[in-house]
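Take a look at the structure below.
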Amino acid sequence: MNFDVEKIMGLLPHRYPFLLVDRVTEIEPGVSLSAIKNVTINEPFFQGHFPGKPIMPGVLILEAMAQATGLLAFSGLIEANESTLYMLVGIDKARFRGQVLPGDQLKLQISLKRTMRDIGMFDCKALVGDEVVAEAQIMCSAQERDS
């Protein structure tokens with residue numbers, strides 16, 4: 001199964017320039033997900049991070065992984081509807097091991113570790129090619145959106 005950007009936007013509330021998942025390439029609902037973010041020089045953050053040496057900010061790599069956890073959660077853990085937001089509630093063991101540069105394809109690999117009291121804990125990796133550039137355990141929770 002694979003999700004294009006239209007399906008992704010149907011599940012996540014994020015929009016340009018903050019939607020950081022372009023395609024889901026593989027999914028086992030409620031278990032694991034692989035997705036990609038195509039990184040281009042046109043990204044607005046490259047203007048200031050850093051002039052003359054553009055590098056994708058680590059917090060945005062974490063955000064891309066968090067958005068991918070939401071897609072995995074909506075695929076099998078919780079019911080997605082317009083009133084549901086999947087909120088980041090914690091990040092543990094975050095490590096950055098490489099840089100993400102314009103022209104790279106950021107591969108996101110997410111797996112559900114466990115759920116506890118409506119909170120999902122996910123093991124997350126971000127890769128460029130076969131090199132792990134970031135990893136973290138991310139916790140998210142489904143919450144009702146205020147009207």
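Residue numbering restarts at 1 in every chain; chains get A, B, ... in the order shown in the structure tokens, and ligands count up from 1 in that same order.
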Write out as a CSV table (one decimal) with C-alpha atoms, in the first residue's frame all residues of chain A that backbone DSSP assigns to strand (DSSP E or B).
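Listing of out_0.csv after writing:
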```
chain,number,residue,atom,x,y,z
A,3,PHE,CA,-0.2,7.0,0.0
A,23,ARG,CA,4.8,9.8,0.0
A,24,VAL,CA,4.2,6.7,2.0
A,25,THR,CA,6.0,3.9,0.2
A,26,GLU,CA,5.1,0.9,2.4
A,27,ILE,CA,2.7,0.4,5.3
A,28,GLU,CA,1.6,-2.4,7.5
A,32,SER,CA,5.2,-0.1,10.5
A,33,LEU,CA,5.5,2.6,7.8
A,34,SER,CA,8.1,3.8,5.3
A,35,ALA,CA,7.8,7.2,3.8
A,36,ILE,CA,9.9,9.8,1.9
A,37,LYS,CA,10.5,13.5,2.0
A,38,ASN,CA,12.1,14.9,-1.1
A,84,THR,CA,-8.9,14.5,15.6
A,85,LEU,CA,-5.4,15.8,15.9
A,86,TYR,CA,-2.4,13.6,16.6
A,87,MET,CA,-0.2,15.5,18.9
A,88,LEU,CA,3.5,15.1,19.7
A,89,VAL,CA,3.8,14.5,23.5
A,90,GLY,CA,7.4,13.3,23.8
A,91,ILE,CA,10.7,12.6,22.2
A,92,ASP,CA,13.3,10.4,23.8
A,93,LYS,CA,16.7,9.1,22.7
A,94,ALA,CA,17.0,11.6,19.8
A,95,ARG,CA,20.3,11.4,18.0
A,96,PHE,CA,21.6,13.1,14.8
A,105,GLN,CA,15.7,12.0,-0.3
A,106,LEU,CA,14.9,11.6,3.3
A,107,LYS,CA,13.6,8.1,4.1
A,108,LEU,CA,11.5,7.8,7.2
A,109,GLN,CA,11.1,4.4,8.9
A,110,ILE,CA,8.6,4.2,11.7
A,111,SER,CA,7.5,1.2,13.8
A,112,LEU,CA,5.1,1.0,16.7
A,113,LYS,CA,6.8,0.0,19.8
A,114,ARG,CA,3.7,0.0,22.1
A,115,THR,CA,0.6,1.8,23.1
A,116,MET,CA,-0.3,2.9,26.6
A,119,ILE,CA,-0.3,7.3,23.7
A,120,GLY,CA,1.6,5.5,21.0
A,121,MET,CA,5.4,5.1,21.3
A,122,PHE,CA,7.2,4.7,18.0
A,123,ASP,CA,10.8,3.8,17.0
A,124,CYS,CA,11.8,6.2,14.3
A,125,LYS,CA,14.7,6.5,11.9
A,126,ALA,CA,15.5,8.9,9.1
A,127,LEU,CA,18.0,7.8,6.4
A,128,VAL,CA,19.6,9.3,3.4
A,131,GLU,CA,23.0,6.0,6.2
A,132,VAL,CA,20.9,6.7,9.3
A,133,VAL,CA,21.0,10.5,9.8
A,134,ALA,CA,18.6,10.7,12.8
A,135,GLU,CA,16.7,8.4,15.1
A,136,ALA,CA,14.4,8.9,18.1
A,137,GLN,CA,11.6,7.4,20.1
A,138,ILE,CA,8.5,9.5,19.6
A,139,MET,CA,5.4,9.5,21.6
A,140,CYS,CA,2.1,10.9,20.2
A,141,SER,CA,-1.5,11.1,21.4
A,142,ALA,CA,-4.8,11.5,19.6
A,143,GLN,CA,-6.7,14.5,20.9
A,144,GLU,CA,-10.0,16.2,19.9
```
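The set of residues in stretch 37-100 of chain A assigned to helix (DSSP H, G or I) by DSSP, using only backbone atoms of this structure, is A:Pro44, A:Phe45, A:Phe46, A:Gln47, A:Gly58, A:Val59, A:Leu60, A:Ile61, A:Leu62, A:Glu63, A:Ala64, A:Met65, A:Ala66, A:Gln67, A:Ala68, A:Thr69, A:Gly70, A:Leu71, A:Leu72, A:Ala73, A:Phe74, A:Ser75, A:Gly76.
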Please dump the current selection as an mmCIF file, in the first residue's frame; keep C-alpha atoms.
```cif
data_model
loop_
_atom_site.group_PDB
_atom_site.id
_atom_site.type_symbol
_atom_site.label_atom_id
_atom_site.label_comp_id
_atom_site.auth_asym_id
_atom_site.auth_seq_id
_atom_site.Cartn_x
_atom_site.Cartn_y
_atom_site.Cartn_z
ATOM 1 C CA PRO A 44 12.059 28.005 2.822
ATOM 2 C CA PHE A 45 14.268 27.030 5.793
ATOM 3 C CA PHE A 46 17.384 26.798 3.589
ATOM 4 C CA GLN A 47 17.433 30.604 3.206
ATOM 5 C CA GLY A 58 17.311 18.626 12.961
ATOM 6 C CA VAL A 59 14.021 19.729 14.505
ATOM 7 C CA LEU A 60 12.408 19.470 11.058
ATOM 8 C CA ILE A 61 13.763 15.946 10.623
ATOM 9 C CA LEU A 62 12.133 15.112 13.969
ATOM 10 C CA GLU A 63 8.919 16.775 12.790
ATOM 11 C CA ALA A 64 8.946 14.700 9.583
ATOM 12 C CA MET A 65 9.284 11.552 11.712
ATOM 13 C CA ALA A 66 6.454 12.752 13.986
ATOM 14 C CA GLN A 67 4.182 13.380 10.987
ATOM 15 C CA ALA A 68 4.934 9.864 9.752
ATOM 16 C CA THR A 69 3.919 8.459 13.167
ATOM 17 C CA GLY A 70 0.573 10.197 12.715
ATOM 18 C CA LEU A 71 0.098 8.493 9.365
ATOM 19 C CA LEU A 72 0.891 5.110 10.903
ATOM 20 C CA ALA A 73 -1.463 5.770 13.816
ATOM 21 C CA PHE A 74 -4.324 6.811 11.530
ATOM 22 C CA SER A 75 -3.721 3.688 9.428
ATOM 23 C CA GLY A 76 -4.675 1.270 12.139
#
```
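Going from atom CA of A:Asn2 over to atom CA of A:Leu19, you cover 17.1 Å.
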Minimum-distance residue to A:Leu12, chosen among A:Ser83, A:Ile55, A:Ile41, A:His49 (using only C-alpha atoms): A:Ser83
